[in-house]
Structures are given as structure tokens and as C-alpha cells.
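Q: Below you'll find the structure I mean.
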Number of protein chains: 2
Amino acid sequence: MTQRRRPTIHEVARVAGVSISSVSRALNGNTSNADMLARVNAAVQQVGYVPSVVAQSLKTQHTGQVAFAMEDIGNAAYLEMVRRIQPTLRDEGYRLLLHSTGADVEDELGVLASLSQNYVDGLILCPLRVTDRHVEALRRAAVPVVVIGLLPDDVPVDNVRADSRVGARLAVEHLAEAGARRIAFIDGPLDTVPGRARYDGFRAGLEAAGLHGDDALVRFTDFQFEAGRRTALELLTEHPDVDAVLGANDLIAMGVLHALRELGRDVPGDVRVVGMDDTPLAATSFPALSSVSLGSADRGRLAAELLLRRLDGDDAPPERVTVPPSLTVRESSR
Amino acid sequence: MTQRRRPTIHEVARVAGVSISSVSRALNGNTSNADMLARVNAAVQQVGYVPSVVAQSLKTQHTGQVAFAMEDIGNAAYLEMVRRIQPTLRDEGYRLLLHSTGADVEDELGVLASLSQNYVDGLILCPLRVTDRHVEALRRAAVPVVVIGLLPDDVPVDNVRADSRVGARLAVEHLAEAGARRIAFIDGPLDTVPGRARYDGFRAGLEAAGLHGDDALVRFTDFQFEAGRRTALELLTEHPDVDAVLGANDLIAMGVLHALRELGRDVPGDVRVVGMDDTPLAATSFPALSSVSLGSADRGRLAAELLLRRLDGDDAPPERVTVPPSLTVRESSR
DNA sequence: TTGAAAGCGGTACCAG
DNA sequence: CTGGTACCGCTTTCAA
């Protein structure tokens with residue numbers, strides 16, 4: 001492991017017998033002299049030269065990097081986003097930096113502030129909560145930012161959002177059509193972006209389906225399996241007449257399935273269950289879980305595309321894109 | 001969005017009425033003059049100065065970035081790794097870059113080669129296959145690399161590995177103890193690092209358990225749910241006497257559970273099932289899936305720690321760490 | 001077309 | 001302790 005210093009453009013120039021300017025030109029396709037090109041390439045091969053992206057960045061004021069910040073990459077929805085964001089960016093030559101902020105609002109703000117260090121050309125942010133300080137930080141962000149999630153109208157950044165309203169309505173309408181009348185909802189924390197949006201969506205869904213909502217059938221807990229299970233056990237014990245449960249994500253819904261099994265209730269015979277996010281869990285569970293896809297993958301891809309457009313110099317007004325949800329019906333509600 | 005040029009150290013120096021050297025010193029804690037410190041800080045506040053990490057990187061030859069490259073972040077095992085790698089690195093001030101190589105060997109080699117661009121200080125690599133070219137590339141890597149996975153002994157890089165042998169043995173012994181005699185194994189591709197290791201582990205496990213192996217009960221497919229399901233259907237139809245199945249990962253094992261259900265076989269009554277990786281799928285499935293944890297989270301953390309040590313200048317001989325597996329028994333094999 | 005030279009924004013050595 | 005300055009490695013004007 002002899003750590004010989006990496007060759008610089010000067011070595012190449014010396015070996016090729018030309019100036020560093022010529023080497024730079026040749027490497028960047030700004031030479032018409034074929035002979036020059038050949039000599040430079042030969043020298044590059046000989047010394048094993050690879051340009052330093054750091055030096056290039058300093059000169060060009062452009063890092064070739066983009067950051068993606070979300071609460072926890074362990075969350076299936078965010079995971080789906082990264083999986084699309086990364087290739088989309090890479091195809092355009094950008095590297096992806098990951099920031100898991102761990103549900104820490106300070107950390108989210110820290111990421112926003114750190115943009116001033118100019119270590120990335122842009123940011124895709126998936127905030128768990130949007131406070132005034134977020135809005136302020138977004139306003140003065142040093143580089144283009146695309147936010148995935150709900151955002152006040154007057155914040156001047158590109159924005160990709162899911163349509164939780166329609167999503168929840170799809171679920172509720174589907175359940176109602178199947179004959180459900182007492183539809184319960186187990187949501188995540190109401191003070192998070194997704195928790196709030198899904199709650200509003202659920203209410204709207206009930207209304208759209210012409211059903212009378214009952215607040216006693218709505219619970220707030222964490223977006224987790226165990227939380228869903230425990231909450232469902234409580235809920236179903238207190239209200240045995242519930243004939244359908246919507247989980248705010250697939251983990252919660254899986255918890256509901258388990259709770260129902262423990263209570264000896266049949267799914268979908270006695271109670272129908274639908275989840276949200278349509279993660280791999282849904283397809284592999286038993287019974288297979290119906291789930292509303294909020295288009296995480298599409299949101300990720302769109303966010304990346306919007307950002308790329310900005311990085312390309314587009315200075316059109318901030319755009320807002322809403323991704324339509326879709327319901328996949330499986331055994332749990334058939 | 002007025003994109004005013006970001007202030008440089010020169011602005012700060014001018015405002016503070018001192019030299020840029022003094023500003024740099026003050027900012028890096030190399031000043032003893034309290035007055036100087038105060039003036040500089042005031043100026044920093046006033047102009048809103050934030051140092052450019054790019055310029056710092058160029059000067060210090062150190063980027064503060066580390067890359068993690070694996071096949072697909074969507075794979076639960078890799079996901080667990082990232083979740084530990086990121087915080088471990090961040091605590092030491094490093095940012096994390098993600099490279100999903102998508103099962104493309106060329107891409108893996110590309111990542112290794114790109115290290116010469118010096119955009120990161122180190123790399124954690126989880127190769128799907130290890131070819132001679134990998135070994136060669138690892139030898140001449142421009143920055144420290146830690147490999148997670150099996151590696152020939154003579155490759156001089158830090159290495160963290162799982163113990164698939166013991167892992168599979170745990171599973172097989174557990175199944176044998178429970179009374180299983182015809183234990184089948186559905187593996188991933190044999191020419192991948194994990195596929196090979198788990199196969200060897202399974203064979204060793206049978207032997208250790210004093211069981212006679214039957215090649216007809218071993219199948220190779222993809223590390224996926226549907227692949228597992230289809231393969232299990234075939235296998236179980238051809239060999240109805242199979243009384244236990246080990247899946248090379250939880251997805252495959254979930255597929256096996258589904259197949260058994262379709263065939264009307266009881267789990268664990270007729271057939272016991274065990275998976276590997278102990279992902280969230282295992283705990284939430286029905287029946288809950290027994291699974292061998294190969295310590296993905298620990299491997300990730302250890303890899304990050306090894307790398308940090310290297311980045312800290314440690315030039316001890318390459319280290320190899322093996323993480324012990326552990327079996328969590330759940331309903332599917334109880 | 002080619003080479004010299006001026007930065008990009010910092011760090012750190014060296015002299016005062 | 002402070003300021004001047006060289007330099008990190010590259011891109012890009014500007015003259016020749």
C-alpha cells in the first residue's frame with residue numbers, strides 16, 4: 001500500500017510536453033488538434049492521472065453532489081424514494097449524500113443551514129414537521145431545495161406531494177363499497193406532516209363516501225408495528241362493532257392484522273383492513289394486505305427531476321407537483 | 001431568491017480589520033487573543049460567513065466524506081447497515097455517500113476506480129461478487145476501503161464478515177432438534193458472496209447436526225419473495241416428505257410460507273420454516289418467522305469503526321472481524 | 001491553437 | 001501574535 005501522491009495535471013503536462021492548459025482542454029473536449037489529444041491521452045494513461053473533483057469543484061463552484069434528507073431511511077416510504085432518487089441523479093452525473101435526521105427537528109434545520117458550506121449543489125428534503133423556522137431556513141437556503149411533503153403555499157421552493165386526501169378516500173370508498181359502516185382509523189402522530197395529511201384525508205374520505213365519522217374510532221400512535229397492534233387491540237375491544245380499519249401505514253396495518261388474529265376475528269370476513277404506502281410488507285403478509293400507494297417511488301423520481309432542472313439553471317417559478325395515489329386491493333379487504 | 005455570492009474569508013477579514021490568516025486561525029481555535037476572537041466572530045456574524053468545505057478539502061486533502069457501496073439499498077440487510085453506518089460516521093464528522101450498484105459488477109469496479117477522484121476519504125464496500133478484478137482494484141484503491149463480506153485472505157484491506165456457517169448451523173441444529181429430518185434449503189445465486197457462504201454454511205450445518213444432506217433438497221434462485229414462493233412450490237411438490245425449509249433470506253422464507261399455505265400444509269405442524277437476516281418482515285409475518293440474524297447492523301457499525309480508525313491514521317495491518325450470528329425462534333419453527 | 005497567469009477559498013509557513 | 005504569501009489542483013481568460 002505505497003501511498004504515492006496522486007499525479008496532478010502538471011505531471012501529465014510534463015510527460016506530454018505541453019502546458020497544463022492544453023491538458024485541461026484536451027480532457028474537457030476543447031481541442032481540435034488530434035495530435036495534441038493523442039499525446040495528452042497517452043500521458044494520462046502513462047501516469048495514471050485522474051482529475052481531482054475537489055479542485056474542479058472549487059474552480060467551477062459546482063460539486064456534482066446532491067443531498068437527500070429524511071427522518072429515517074429505515075422507513076419504507078423514504079426507502080422507495082432513495083431507490084429512485086439515486087439512479088435519477090446518477091444518470092446526470094450527480095452523487096447522492098444521505099442525511100438521516102432521526103426525527104430531530106434541530107437536525108433538519110442543521111442540514112438546511114449546512115447547505116451554506118456548499119458541499120452539495122442541491123437538496124431534497126422530506127421534513128417530518130414544517131415549522132416557521134423551516135420556512136425561514138428554506139427561504140434563505142444557499143442552494144436549490146425540493147421539498148417532498150406538504151408545504152405552505154408561499155414558500156418559494158419546488159414541492160412534490162402525495163395526495164393523502166384522495167388516497168384515504170380511495171381506501172374509505174373501497175371499504176364502504178364492500179359494506180363497511182364502522183370504519184376505524186389508526187393514524188401516526190397528528191403533529192407530523194404525514195400524520196396530519198392522512199387524518200384530513202380520512203375525514204374527507206368518510207364524507208365523500210357519505211359516511212358518518214365517529215371520533216372514537218380514530219386513534220393516534222406511532223407509525224410502527226407494535227404501536228399499531230396495541231392500539232388496535234384497545235380500539236377493537238372498546239368498539240367490537242368496527243367492521244373495517246384503515247392503518248396510516250403498512251406497519252400499523254400489519255399490527256392491526258395481528259391484533260385481529262389475537263382477538264379471533266376473521267380478516268376480511270369480520271373486519272377488513274387496508275394499509276398505506278403499499279410496501280413489500282403488504283404483498284407478503286397473510287392475508288395479503290390491501291394498501292394505498294402514495295407513490296413514494298414517483299415522488300422521489302419527480303423530486304430528483306425537479307432538482308435537476310434547477311441545477312440546470314432553470315429559474316422558472318417554484319413548481320408544485322402532486323402525485324396521484326392508487327389502491328391495490330388484496331385479500332385483507334376483498 | 002437573490003443569489004448573492006457567498007461571503008469569503010476575505011470579506012470577514014476586511015470587516016474585522018484583520019488579515020485572512022488571523023480569521024482562519026480564530027475560526028480554527030488557534031488564537032489566544034480574546035479580542036481578536038471577538039472581532040472575528042462579530043465579523044463572521046455580520047457578513048454571515050460559512051467556510052467553504054470545498055476549499056478546505058482542496059487545501060487539507062481531506063473531504064470529510066465516506067461512501068457506502070452495495071447492490072441495492074432496498075435489501076433489508078444493507079439497509080440495516082446504512083442505518084448504523086450513517087450515525088457512526090456522522091458522530092465523527094463524516095458525511096455519507098450512497099452508491100447503489102444494482103448488481104452490476106462493472107459498476108462496483110467503477111466505484112472502486114472512481115476513488116481516485118478523491119471525492120471521499122474512504123469507502124465501505126459490500127460486493128455481491130469478488131472477482132480477480134475486484135482484488136486488483138482493492139489493492140490499488142486510492143483511499144482506505146473496508147469490505148463487508150467474504151474476501152480472499154491475501155487482500156490487504158479491513159474486512160468485516162458474517163458467519164454464515166455458524167448461522168446456518170444454528171438454524172439446522174434448531175430444526176433437527178425440533179425433529180426435522182428432511183431439511184430443504186432455498187438459496188440465492190451460488191455465484192454471489194452471500195449465496196455461496198450460506199450454501200457452505202448449510203452443508204456444514206447438516207454435517208454438524210449429523211444429518212445426511214440431499215442435493216435434491218437444495219435449490220438456487222433469486223433472493224426474492226416470488227422466487228422463493230415459486231421455488232418452494234416446486235420443491236415441496238416434488239418432495240412432499242420435506243419437513244423443514246431454510247430460506248437464505250427472509251424474503252425467500254416468506255415465499256416459502258406462502259407456498260406452504262397454498263399447498264395446505266401447516267406451519268410449523270407439517271413443515272417448519274426458518275429465514276435469514278432477521279428483518280422486520282420476520283417479526284410481522286404470520287406465523288411469525290424464525291430467523292437467523294447475521295448481524296447486519298453490527299457489521300455496518302464495525303465497518304464504519306474500522307474505517308474511522310484508518311482515517312485517523314492507523315496503519316496497523318488489515319484487520320478481519322467476524323460477527324457472530326444469532327437465531328431468533330418464533331412460531332414458524334416452534 | 002497554444003501557453004502564461006489569474007484566480008476559486010481556504011490553510012499554514014515564515015518573517016517581523 | 002500577526003500579516004504576507006505560497007500553494008492545494010484545476011479552469012479559463014488573455015496574448016502571442
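Residues are named by chain letter and number: chains run A, B, ... in the order of the C-alpha cells, numbers start at 1 in each chain, and ligands are numbered from 1 in the order shown.
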Residues of chain D within 12 Å of chain B, counting only C-alpha atoms (C1' of nucleotides), what are they? List them as an NGL selection string.
A: :D and (1-5 or 7-10)
Q: Do a neighbour search on Val323 (chain A) at 7 Å with only C-alpha atoms (C1' of nucleotides), toss out local chain neighbours closer than 6 positions, and write the hits as a list in words.
A: Arg161, Ala162, Asp163, Gly295 and Arg299 of chain A
Q: Could you turn the residues from that selection into a file that holds N, CA, C and O atoms, as a PDB file, in the first residue's frame?
A:
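Output saved as part19.pdb:
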```pdb
ATOM      1  N   ARG A 161     -45.760  16.514  -3.656  1.00  0.00           N
ATOM      2  CA  ARG A 161     -46.577  15.998  -2.562  1.00  0.00           C
ATOM      3  C   ARG A 161     -47.431  14.805  -2.961  1.00  0.00           C
ATOM      4  O   ARG A 161     -47.739  14.609  -4.124  1.00  0.00           O
ATOM      5  N   ALA A 162     -47.775  14.053  -1.958  1.00  0.00           N
ATOM      6  CA  ALA A 162     -48.692  12.949  -2.179  1.00  0.00           C
ATOM      7  C   ALA A 162     -50.094  13.510  -2.026  1.00  0.00           C
ATOM      8  O   ALA A 162     -50.276  14.612  -1.531  1.00  0.00           O
ATOM      9  N   ASP A 163     -51.067  12.764  -2.474  1.00  0.00           N
ATOM     10  CA  ASP A 163     -52.431  13.217  -2.283  1.00  0.00           C
ATOM     11  C   ASP A 163     -53.099  12.307  -1.255  1.00  0.00           C
ATOM     12  O   ASP A 163     -53.825  11.382  -1.602  1.00  0.00           O
ATOM     13  N   GLY A 295     -47.384   6.638  -3.910  1.00  0.00           N
ATOM     14  CA  GLY A 295     -46.435   6.951  -4.979  1.00  0.00           C
ATOM     15  C   GLY A 295     -45.071   7.405  -4.502  1.00  0.00           C
ATOM     16  O   GLY A 295     -44.493   8.333  -5.064  1.00  0.00           O
ATOM     17  N   ARG A 299     -42.691  10.009  -6.293  1.00  0.00           N
ATOM     18  CA  ARG A 299     -42.359  11.284  -5.661  1.00  0.00           C
ATOM     19  C   ARG A 299     -40.849  11.486  -5.623  1.00  0.00           C
ATOM     20  O   ARG A 299     -40.346  12.578  -5.869  1.00  0.00           O
TER      21      ARG A 299
END
```
Q: Should the cut-off be 9 Å, what would the residue list for chain B against chain A look like, counting only C-alpha atoms, as a ChimeraX atom specification?
A: /B:1,3,6,49-55,57-58,61,63,67,72-74,76,79-80,82-83,86-87,95-100,114,116-119,139-143,156,225,251,254-255,258,280-281,284-287
Q: Within 10 Å of chain A, which residues of chain C are there when counting only C-alpha atoms (C1' of nucleotides)? Please give them as a list of chain:residue names.
A: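 Result, ordered by chain then number: C:DT1, C:DT2, C:DG3, C:DA4, C:DG7, C:DC8, C:DG9.
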Q: One decimal, Å: what's the distance from CA of Gly228 (chain B) over to CA of Pro189 (chain B), could you say?
A: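 Distance reported for this atom pair: 12.0 Å.
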Q: What's around Ile183 (chain A) at 8 Å? Count only C-alpha atoms (C1' of nucleotides), leave out sequence neighbours fewer than 5 positions away in its own chain, and write the answer as a PyMOL selection string.
A: chain A and resi 172+175+217+242-246
Q: Those same residues, written as a CSV table (one decimal), in the first residue's frame with N, CA, C and O atoms?
A:
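Done, and the output landed in part_16.csv:
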```csv
chain,number,residue,atom,x,y,z
A,172,VAL,N,-61.3,4.5,1.9
A,172,VAL,CA,-62.6,4.5,2.6
A,172,VAL,C,-63.8,4.1,1.6
A,172,VAL,O,-64.6,3.3,2.0
A,175,LEU,N,-63.7,0.5,1.1
A,175,LEU,CA,-64.3,-0.3,2.3
A,175,LEU,C,-65.8,-0.1,2.4
A,175,LEU,O,-66.5,-1.1,2.7
A,217,LEU,N,-63.5,6.4,16.9
A,217,LEU,CA,-62.8,5.3,16.0
A,217,LEU,C,-61.5,5.8,15.4
A,217,LEU,O,-61.0,5.1,14.6
A,242,VAL,N,-66.7,-2.4,15.1
A,242,VAL,CA,-65.9,-1.9,14.0
A,242,VAL,C,-65.8,-3.0,12.9
A,242,VAL,O,-65.5,-4.1,13.2
A,243,ASP,N,-66.1,-2.6,11.7
A,243,ASP,CA,-66.0,-3.6,10.6
A,243,ASP,C,-64.9,-3.4,9.6
A,243,ASP,O,-64.8,-4.1,8.6
A,244,ALA,N,-64.1,-2.3,9.8
A,244,ALA,CA,-63.0,-2.1,8.9
A,244,ALA,C,-62.0,-1.2,9.6
A,244,ALA,O,-62.4,-0.3,10.4
A,245,VAL,N,-60.7,-1.4,9.3
A,245,VAL,CA,-59.7,-0.5,9.9
A,245,VAL,C,-58.8,0.0,8.8
A,245,VAL,O,-58.3,-0.8,8.0
A,246,LEU,N,-58.5,1.3,8.8
A,246,LEU,CA,-57.5,1.8,7.9
A,246,LEU,C,-56.3,2.1,8.7
A,246,LEU,O,-56.4,2.8,9.7
```
Q: Between A:Val130, A:Ile9, A:Val44, A:Val274, single out the one closest to DT11 (chain D), counting only C-alpha atoms (C1' of nucleotides).
A: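 With only C-alpha atoms (C1' of nucleotides) as the atom set, the closest residue is A:Ile9.
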Q: Could you please write out, as a ChimeraX atom specification, every residue of region 106-282 of chain B that DSSP assigns to helix (DSSP H, G or I)?
A: /B:106-117,132-139,164-177,193-208,215-217,225-238,250-262,280-282
Q: Let's have the selection written as a short mmCIF file (atom, residue, chain, number, x, y, z; two decimals), in the first residue's frame, with C-alpha atoms.
A:
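Everything below was put into part23.cif:
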```
data_model
loop_
_atom_site.label_atom_id
_atom_site.label_comp_id
_atom_site.auth_asym_id
_atom_site.auth_seq_id
_atom_site.Cartn_x
_atom_site.Cartn_y
_atom_site.Cartn_z
CA GLU B 106 -18.80 -3.16 -13.72
CA ASP B 107 -20.45 -0.58 -11.56
CA GLU B 108 -18.78 -1.95 -8.46
CA LEU B 109 -15.44 -1.75 -10.14
CA GLY B 110 -16.33 1.72 -11.33
CA VAL B 111 -16.87 2.86 -7.78
CA LEU B 112 -13.52 1.47 -6.78
CA ALA B 113 -11.83 3.19 -9.69
CA SER B 114 -13.60 6.46 -9.04
CA LEU B 115 -11.98 6.65 -5.67
CA SER B 116 -9.01 8.14 -7.48
CA GLN B 117 -11.07 11.24 -8.00
CA ASP B 132 -9.87 -11.04 -9.62
CA ARG B 133 -10.52 -7.58 -10.90
CA HIS B 134 -12.07 -6.68 -7.58
CA VAL B 135 -9.00 -7.89 -5.79
CA GLU B 136 -6.76 -5.96 -8.12
CA ALA B 137 -8.87 -2.82 -7.72
CA LEU B 138 -8.89 -3.19 -3.95
CA ARG B 139 -5.10 -3.46 -3.97
CA SER B 164 -22.92 -17.87 7.62
CA ARG B 165 -21.50 -21.23 8.55
CA VAL B 166 -22.42 -20.89 12.17
CA GLY B 167 -25.59 -19.09 11.18
CA ALA B 168 -26.82 -21.91 9.02
CA ARG B 169 -25.68 -24.41 11.60
CA LEU B 170 -27.76 -22.71 14.25
CA ALA B 171 -30.79 -22.98 12.02
CA VAL B 172 -30.19 -26.57 11.01
CA GLU B 173 -29.44 -27.71 14.54
CA HIS B 174 -32.52 -25.99 15.78
CA LEU B 175 -34.65 -27.66 13.13
CA ALA B 176 -33.05 -31.04 13.75
CA GLU B 177 -33.63 -30.77 17.46
CA VAL B 193 -20.91 -13.80 -1.96
CA PRO B 194 -23.89 -14.39 0.33
CA GLY B 195 -25.30 -17.21 -1.81
CA ARG B 196 -22.07 -19.15 -1.67
CA ALA B 197 -21.44 -18.53 2.01
CA ARG B 198 -24.90 -19.62 3.03
CA TYR B 199 -24.72 -22.72 0.94
CA ASP B 200 -21.45 -23.73 2.57
CA GLY B 201 -22.98 -22.91 5.93
CA PHE B 202 -25.99 -25.07 5.24
CA ARG B 203 -23.86 -28.06 4.29
CA ALA B 204 -21.70 -27.59 7.34
CA GLY B 205 -24.80 -27.24 9.44
CA LEU B 206 -26.23 -30.55 8.25
CA GLU B 207 -22.98 -32.25 8.96
CA ALA B 208 -22.69 -30.72 12.39
CA ASP B 215 -28.75 -32.28 -3.01
CA ALA B 216 -32.24 -32.66 -4.38
CA LEU B 217 -33.47 -30.58 -1.46
CA PHE B 225 -40.28 -13.30 -2.36
CA GLU B 226 -41.80 -14.55 -5.60
CA ALA B 227 -38.71 -16.55 -6.45
CA GLY B 228 -38.90 -18.18 -3.05
CA ARG B 229 -42.57 -18.92 -3.40
CA ARG B 230 -42.29 -20.49 -6.84
CA THR B 231 -39.24 -22.49 -5.96
CA ALA B 232 -40.85 -23.74 -2.77
CA LEU B 233 -43.97 -24.83 -4.66
CA GLU B 234 -41.82 -26.90 -6.99
CA LEU B 235 -39.65 -28.30 -4.29
CA LEU B 236 -42.49 -29.24 -1.97
CA THR B 237 -44.47 -30.82 -4.74
CA GLU B 238 -41.56 -32.95 -5.84
CA ASP B 250 -36.39 -13.62 4.95
CA LEU B 251 -37.94 -12.77 1.61
CA ILE B 252 -37.37 -16.27 0.32
CA ALA B 253 -38.65 -17.69 3.59
CA MET B 254 -41.79 -15.57 3.31
CA GLY B 255 -42.29 -17.02 -0.13
CA VAL B 256 -41.95 -20.46 1.40
CA LEU B 257 -44.60 -19.65 3.99
CA HIS B 258 -46.97 -18.60 1.24
CA ALA B 259 -46.26 -21.69 -0.81
CA LEU B 260 -46.97 -23.91 2.18
CA ARG B 261 -50.22 -22.15 2.78
CA GLU B 262 -51.21 -22.63 -0.85
CA PRO B 280 -38.78 -6.62 10.14
CA LEU B 281 -40.64 -8.98 7.83
CA ALA B 282 -39.88 -11.86 10.16
#
```
Q: Quick one: pull the distance between CA of Asp312 (chain B) and CA of Gly64 (chain A), Å, one decimal.
A: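 Straight-line distance from CA of Asp312 (chain B) to CA of Gly64 (chain A) works out to 26.3 Å.
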Q: In Å to one decimal, how far is CA of Ala316 (chain B) from C1' of DA12 (chain C)?
A: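 Between C1' of DA12 (chain C) and CA of Ala316 (chain B) the gap is 29.0 Å.
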